[in-house]
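Q: Input structure: model_14.txt, which contains compact mmCIF, C-alpha atoms.
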# COMPACT_ATOMS: atom_id res chain seq x y z
CA MET A 1 0.00 0.00 0.00
CA ALA A 2 1.44 3.38 -1.03
CA LYS A 3 2.29 5.74 1.82
CA LYS A 4 -0.32 8.42 2.44
CA TYR A 5 1.20 11.88 2.76
CA THR A 6 -0.49 14.43 4.98
CA LEU A 7 -0.59 18.20 5.22
CA PRO A 8 1.96 19.27 7.87
CA GLU A 9 0.73 21.45 10.69
CA LEU A 10 1.32 25.16 10.07
CA PRO A 11 3.69 26.33 12.85
CA TYR A 12 1.86 29.65 13.40
CA ALA A 13 -1.55 31.25 12.90
CA TYR A 14 -2.64 32.37 9.44
CA GLU A 15 -2.38 36.02 10.43
CA ALA A 16 0.95 35.66 12.26
CA LEU A 17 3.09 36.88 9.35
CA GLU A 18 1.14 40.10 8.83
CA PRO A 19 1.77 42.68 7.52
CA VAL A 20 4.33 40.90 5.31
CA ILE A 21 1.94 38.12 4.27
CA ASN A 22 -1.71 38.62 5.10
CA ARG A 23 -4.13 36.07 6.51
CA GLU A 24 -6.08 35.60 3.25
CA ILE A 25 -2.97 34.63 1.30
CA MET A 26 -1.73 32.27 4.01
CA GLU A 27 -5.05 30.51 4.40
CA LEU A 28 -5.55 30.03 0.66
CA HIS A 29 -1.93 29.03 0.13
CA TYR A 30 -1.94 26.44 2.90
CA LYS A 31 -5.49 25.06 2.89
CA LYS A 32 -6.10 25.16 -0.86
CA HIS A 33 -2.82 25.00 -2.76
CA HIS A 34 -0.64 22.86 -0.47
CA ASN A 35 -3.56 20.65 0.47
CA THR A 36 -4.31 20.05 -3.22
CA TYR A 37 -0.71 18.99 -3.87
CA VAL A 38 -0.95 16.44 -1.06
CA THR A 39 -4.30 15.11 -2.25
CA LYS A 40 -3.21 14.74 -5.86
CA LEU A 41 0.14 13.23 -4.85
CA ASN A 42 -1.63 10.50 -2.88
CA GLU A 43 -4.01 9.83 -5.76
CA ALA A 44 -1.14 9.58 -8.25
CA LEU A 45 0.90 7.28 -6.00
CA GLU A 46 -2.07 4.96 -5.56
CA LYS A 47 -2.53 4.79 -9.34
CA TYR A 48 1.21 4.27 -9.79
CA GLU A 49 1.21 1.37 -7.34
CA LYS A 50 -1.69 -0.23 -9.20
CA ALA A 51 0.04 0.26 -12.55
CA ALA A 52 3.24 -1.25 -11.14
CA SER A 53 1.36 -4.30 -9.86
CA GLU A 54 -0.09 -4.72 -13.35
CA GLU A 55 3.33 -4.12 -14.95
CA ASP A 56 1.78 -1.31 -17.00
CA LEU A 57 4.96 0.57 -17.82
CA THR A 58 3.22 3.09 -20.08
CA LYS A 59 0.89 4.20 -17.30
CA MET A 60 3.75 4.28 -14.79
CA ILE A 61 5.72 6.65 -17.02
CA PHE A 62 2.60 8.75 -17.64
CA LEU A 63 2.07 9.23 -13.88
CA GLN A 64 5.63 10.35 -13.16
CA SER A 65 5.05 13.96 -14.19
CA THR A 66 2.04 14.20 -11.86
CA ILE A 67 4.05 12.73 -8.99
CA ARG A 68 6.93 15.11 -9.71
CA PHE A 69 4.69 18.19 -9.76
CA ASN A 70 2.54 17.42 -6.74
CA GLY A 71 5.30 15.69 -4.79
CA GLY A 72 7.54 18.68 -5.43
CA GLY A 73 4.77 21.02 -4.32
CA HIS A 74 4.46 19.11 -1.07
CA ILE A 75 8.23 19.05 -0.46
CA ASN A 76 8.70 22.72 -1.29
CA HIS A 77 5.83 24.04 0.79
CA SER A 78 6.71 21.85 3.77
CA ILE A 79 10.10 23.58 3.80
CA PHE A 80 8.65 27.02 3.06
CA TRP A 81 6.35 27.11 6.10
CA THR A 82 9.23 26.33 8.46
CA ASN A 83 11.52 28.81 6.71
CA LEU A 84 9.18 31.59 7.88
CA ALA A 85 8.32 32.82 11.36
CA PRO A 86 6.55 35.80 12.92
CA GLN A 87 8.90 38.47 14.20
CA SER A 88 7.69 37.67 17.71
CA GLN A 89 9.06 34.15 17.19
CA GLY A 90 12.41 35.10 15.70
CA GLY A 91 11.47 35.98 12.14
CA GLY A 92 13.60 38.55 10.35
CA GLY A 93 17.01 39.81 11.31
CA GLU A 94 20.14 38.16 9.96
CA PRO A 95 21.74 34.72 10.06
CA LYS A 96 24.26 34.05 12.80
CA GLY A 97 27.18 31.76 13.44
CA GLU A 98 28.44 29.41 10.74
CA LEU A 99 25.72 30.36 8.27
CA ALA A 100 26.45 34.08 8.63
CA ALA A 101 30.15 33.40 8.02
CA ALA A 102 29.37 31.27 4.96
CA VAL A 103 27.08 33.95 3.51
CA ALA A 104 29.73 36.63 4.03
CA LEU A 105 32.40 34.43 2.46
CA ARG A 106 30.25 33.70 -0.60
CA TRP A 107 28.69 37.13 -1.23
CA GLY A 108 30.67 39.60 0.85
CA SER A 109 27.84 40.57 3.18
CA PHE A 110 24.29 39.67 4.12
CA GLU A 111 22.94 42.74 2.32
CA ALA A 112 24.82 41.78 -0.84
CA PHE A 113 23.39 38.25 -0.59
CA LYS A 114 19.82 39.56 -0.35
CA GLU A 115 20.36 41.82 -3.35
CA VAL A 116 21.71 38.97 -5.47
CA PHE A 117 18.94 36.63 -4.33
CA ASN A 118 16.18 39.13 -5.13
CA ASN A 119 17.73 39.99 -8.48
CA ILE A 120 17.65 36.30 -9.41
CA ALA A 121 14.16 35.65 -8.01
CA ALA A 122 12.37 38.69 -9.44
CA PRO A 123 12.73 37.86 -13.16
CA ILE A 124 11.79 34.17 -12.90
CA GLN A 125 9.43 33.63 -15.81
CA GLY A 126 6.04 32.21 -14.93
CA SER A 127 5.92 30.20 -11.71
CA GLY A 128 8.73 28.76 -9.65
CA TRP A 129 11.00 29.02 -6.63
CA CYS A 130 14.26 30.69 -5.68
CA TRP A 131 16.46 28.84 -3.22
CA LEU A 132 19.45 29.31 -1.00
CA GLY A 133 21.00 25.86 -1.04
CA TYR A 134 24.11 23.94 -0.15
CA CYS A 135 26.10 22.07 -2.77
CA GLU A 136 27.60 18.94 -1.22
CA HIS A 137 30.10 18.61 -4.08
CA SER A 138 31.59 22.13 -3.98
CA LYS A 139 30.80 22.55 -0.26
CA GLN A 140 29.49 26.06 -0.72
CA LEU A 141 26.24 27.99 -0.64
CA MET A 142 24.42 28.56 -3.90
CA ILE A 143 21.38 30.46 -5.16
CA GLU A 144 19.31 28.33 -7.51
CA THR A 145 15.94 28.64 -9.24
CA CYS A 146 13.48 25.86 -10.01
CA ALA A 147 10.55 25.99 -12.40
CA ASN A 148 7.01 25.18 -11.32
CA GLN A 149 7.17 22.82 -8.30
CA ASP A 150 10.44 21.09 -9.16
CA PRO A 151 12.16 20.17 -5.88
CA LEU A 152 15.68 21.50 -5.57
CA TYR A 153 17.59 18.41 -4.47
CA ALA A 154 15.77 15.98 -6.75
CA THR A 155 16.34 18.12 -9.83
CA LYS A 156 19.67 19.86 -9.18
CA GLY A 157 21.35 17.90 -6.42
CA VAL A 158 21.53 20.95 -4.14
CA VAL A 159 20.27 20.70 -0.54
CA PRO A 160 17.50 23.25 0.13
CA LEU A 161 18.07 25.64 3.01
CA LEU A 162 15.73 28.56 2.28
CA GLY A 163 13.06 28.64 -0.39
CA VAL A 164 10.98 31.59 -1.56
CA ASP A 165 7.82 30.78 -3.46
CA VAL A 166 7.36 33.14 -6.42
CA TRP A 167 4.16 31.62 -7.75
CA GLU A 168 1.56 34.39 -8.00
CA HIS A 169 -0.66 32.68 -5.44
CA ALA A 170 2.05 33.37 -2.84
CA TYR A 171 1.77 37.15 -3.11
CA TYR A 172 -0.65 38.46 -5.78
CA LEU A 173 -3.64 39.22 -3.52
CA GLN A 174 -1.44 41.57 -1.51
CA TYR A 175 1.37 42.74 -3.79
CA LYS A 176 -0.48 42.48 -7.14
CA ASN A 177 2.02 42.12 -9.99
CA VAL A 178 4.90 43.80 -8.14
CA ARG A 179 6.94 40.72 -7.24
CA PRO A 180 10.00 42.78 -6.17
CA ASP A 181 7.97 44.34 -3.33
CA TYR A 182 7.06 40.87 -2.06
CA LEU A 183 10.69 39.76 -2.26
CA LYS A 184 11.87 42.85 -0.41
CA ALA A 185 9.33 42.34 2.37
CA ILE A 186 9.67 38.60 2.94
CA TRP A 187 13.09 38.95 4.58
CA GLN A 188 11.26 40.44 7.59
CA VAL A 189 9.81 37.01 8.39
CA VAL A 190 12.59 34.61 7.38
CA ASN A 191 13.25 32.10 10.16
CA TRP A 192 17.05 32.16 10.19
CA GLU A 193 17.20 29.71 13.06
CA ASN A 194 15.48 27.12 10.87
CA VAL A 195 17.74 27.90 7.90
CA SER A 196 20.82 27.69 10.12
CA GLN A 197 19.71 24.30 11.47
CA ARG A 198 19.41 23.00 7.92
CA TYR A 199 22.88 24.31 7.13
CA SER A 200 24.37 22.74 10.26
CA GLN A 201 22.86 19.39 9.28
CA CYS A 202 24.58 19.66 5.90
CA LEU A 203 27.92 20.29 7.58
CA GLU A 204 27.41 17.33 9.91
CA VAL A 205 26.63 15.03 6.99
CA CYS A 206 29.70 16.22 5.09
CA ALA A 207 31.87 15.75 8.18
CA SER A 208 30.61 12.21 8.69
CA CYS A 209 31.37 11.38 5.05
CA VAL A 210 34.99 12.46 5.48
CA LYS A 211 35.55 10.19 8.50
What is this file in structure tokens?
A:
Amino acid sequence: MAKKYTLPELPYAYEALEPVINREIMELHYKKHHNTYVTKLNEALEKYEKAASEEDLTKMIFLQSTIRFNGGGHINHSIFWTNLAPQSQGGGGEPKGELAAAVALRWGSFEAFKEVFNNIAAPIQGSGWCWLGYCEHSKQLMIETCANQDPLYATKGVVPLLGVDVWEHAYYLQYKNVRPDYLKAIWQVVNWENVSQRYSQCLEVCASCVK
């Protein structure tokens, strides 16, 4: 029996990220969009399991794009919710410790990093994501973009640390078609503690591989 994926619990109230992201956007984004990805992923996996049991290779291949899209949507949003936090719970500010040092080494300063990130995220055509990730091969931070709901690691081999959703449903009701305003504002609610934990886990994995 295929595993049933479930919608993860949102770690704060819908209105908690206001005024950066308003309640209406959060509720629609979480309850409608993310929930739909989970539902359709489970449906596709059930069909895939049936096709596999029947050795129907054509149908298995046909279902892969649906699994990739909805599975990616589930992966990406599950990271996105934890990457954000109300300012009362540590959202905003700057990274600290090892992550802060790595950002400064890669881009010169935190402000320079944000500028580069936003300049890459703003012109993404159509829908997609912009990520701060860690490349296990080069052992350095990277800024990467992914189209639609493509998950970063599965498609580019880069570990996701911080993802910013630039689909219109993530900001349009509040920021209209001015994506740069959304990108400028979202840094006020980035949960750097969560991002730093993800980075530390990468370093631990790399260290264990060397031993």
Q: Extract, using only C-alpha atoms, all DNA, RNA and protein residues at most 9 Å from Arg106 in chain A, discarding same-chain residues fewer than 4 positions from it, and format them as a PyMOL selection string.
A: chain A and resi 101-102+113+140-142
Q: Could you check the closest approach to Val103 in chain A for each of A:Thr145, A:Phe117, A:Ala170, A:Lys156 and tell me which residue wins, using all atoms listed in the file?
A: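 Checking each of A:Thr145, A:Phe117, A:Ala170, A:Lys156 against Val103 in chain A, counting all atoms listed in the file, the winner is A:Phe117.
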Q: Give me, please, the distance in Å between CA of Pro180 in chain A and CA of Asn35 in chain A, quoted to one decimal.
A: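 So the two atoms, CA of Pro180 in chain A and CA of Asn35 in chain A, lie 26.8 Å apart.
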Q: Quote the spacing between CA of Lys96 in chain A and CA of Val20 in chain A in Å to one decimal place.
A: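 Result for CA of Lys96 in chain A versus CA of Val20 in chain A: 22.4 Å, one decimal.
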Q: Can you pull out every residue within 10 Å of range 14-17 of chain A, counting all atoms listed in the file, but drop anything in the same chain fewer than 4 positions away, and send it as a list in words?
A: Leu10, Ile21, Asn22, Arg23, Glu24, Ile25, Met26, Glu27, Leu28, His29, Tyr30, Leu84, Ala85, Pro86, Gln87, Ser88, Gln89, Gly91, Ile186, Gln188, Val189 and Val190 of chain A
Q: Name the closest residue to Trp131 in chain A among the candidates A:Trp107, A:Tyr172, A:Phe80, A:Trp167; distances are taken between atoms, counting only C-alpha atoms.
A: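 Ranked by minimum distance to Trp131 in chain A, first place goes to A:Phe80.
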Q: Find the residue from A:Glu136, A:Val166, A:His77, A:Ala100 that sits nearest to Ala121 in chain A; use all atoms listed in the file when measuring.
A: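 Comparing A:Glu136, A:Val166, A:His77, A:Ala100 against Ala121 in chain A, the winner is A:Val166.
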Q: Tell me, as a list in words, which residues lie within 7 Å of Leu161 in chain A, counting only C-alpha atoms; anything in the same chain fewer than 3 positions away does not count.
A: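 That gives Leu132, Gly133, Val195, Arg198 and Tyr199 of chain A.
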Q: How about completing range 107-130 of chain A with N, CA and C atoms and giving it to me as a short mmCIF file (atom, residue, chain, number, x, y, z; two decimals), keeping the file's coordinate frame?
A:
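For reference, selection-v2.cif as written:
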data_model
loop_
_atom_site.label_atom_id
_atom_site.label_comp_id
_atom_site.auth_asym_id
_atom_site.auth_seq_id
_atom_site.Cartn_x
_atom_site.Cartn_y
_atom_site.Cartn_z
N TRP A 107 29.22 35.93 -0.58
CA TRP A 107 28.69 37.13 -1.23
C TRP A 107 29.24 38.44 -0.68
N GLY A 108 30.07 38.39 0.32
CA GLY A 108 30.67 39.60 0.85
C GLY A 108 29.95 40.15 2.07
N SER A 109 28.63 40.09 2.05
CA SER A 109 27.84 40.57 3.18
C SER A 109 26.42 40.02 3.05
N PHE A 110 25.68 40.12 4.13
CA PHE A 110 24.29 39.67 4.12
C PHE A 110 23.46 40.54 3.18
N GLU A 111 23.69 41.83 3.20
CA GLU A 111 22.94 42.74 2.32
C GLU A 111 23.23 42.43 0.85
N ALA A 112 24.47 42.12 0.54
CA ALA A 112 24.82 41.78 -0.84
C ALA A 112 24.14 40.48 -1.25
N PHE A 113 24.09 39.51 -0.32
CA PHE A 113 23.39 38.25 -0.59
C PHE A 113 21.93 38.49 -0.92
N LYS A 114 21.24 39.29 -0.11
CA LYS A 114 19.82 39.56 -0.35
C LYS A 114 19.61 40.22 -1.71
N GLU A 115 20.48 41.13 -2.06
CA GLU A 115 20.36 41.82 -3.35
C GLU A 115 20.51 40.84 -4.50
N VAL A 116 21.51 39.97 -4.41
CA VAL A 116 21.71 38.97 -5.47
C VAL A 116 20.52 38.02 -5.54
N PHE A 117 20.07 37.55 -4.38
CA PHE A 117 18.94 36.63 -4.33
C PHE A 117 17.70 37.26 -4.98
N ASN A 118 17.37 38.47 -4.59
CA ASN A 118 16.18 39.13 -5.13
C ASN A 118 16.31 39.40 -6.62
N ASN A 119 17.52 39.73 -7.05
CA ASN A 119 17.73 39.99 -8.48
C ASN A 119 17.60 38.73 -9.33
N ILE A 120 17.83 37.58 -8.71
CA ILE A 120 17.65 36.30 -9.41
C ILE A 120 16.18 35.87 -9.35
N ALA A 121 15.54 36.10 -8.19
CA ALA A 121 14.16 35.65 -8.01
C ALA A 121 13.15 36.49 -8.78
N ALA A 122 13.36 37.79 -8.84
CA ALA A 122 12.37 38.69 -9.44
C ALA A 122 12.05 38.38 -10.91
N PRO A 123 13.04 38.08 -11.74
CA PRO A 123 12.73 37.86 -13.16
C PRO A 123 12.38 36.43 -13.54
N ILE A 124 12.19 35.53 -12.55
CA ILE A 124 11.79 34.17 -12.90
C ILE A 124 10.54 34.22 -13.75
N GLN A 125 10.58 33.60 -14.90
CA GLN A 125 9.43 33.63 -15.81
C GLN A 125 8.37 32.63 -15.37
N GLY A 126 7.12 33.09 -15.33
CA GLY A 126 6.04 32.21 -14.93
C GLY A 126 6.10 31.90 -13.45
N SER A 127 5.97 30.63 -13.11
CA SER A 127 5.92 30.20 -11.71
C SER A 127 7.18 29.42 -11.34
N GLY A 128 7.56 29.50 -10.08
CA GLY A 128 8.73 28.76 -9.65
C GLY A 128 9.18 29.16 -8.26
N TRP A 129 10.42 28.79 -7.95
CA TRP A 129 11.00 29.02 -6.63
C TRP A 129 12.42 29.54 -6.78
N CYS A 130 12.84 30.31 -5.79
CA CYS A 130 14.26 30.69 -5.68
C CYS A 130 14.76 30.16 -4.35
#
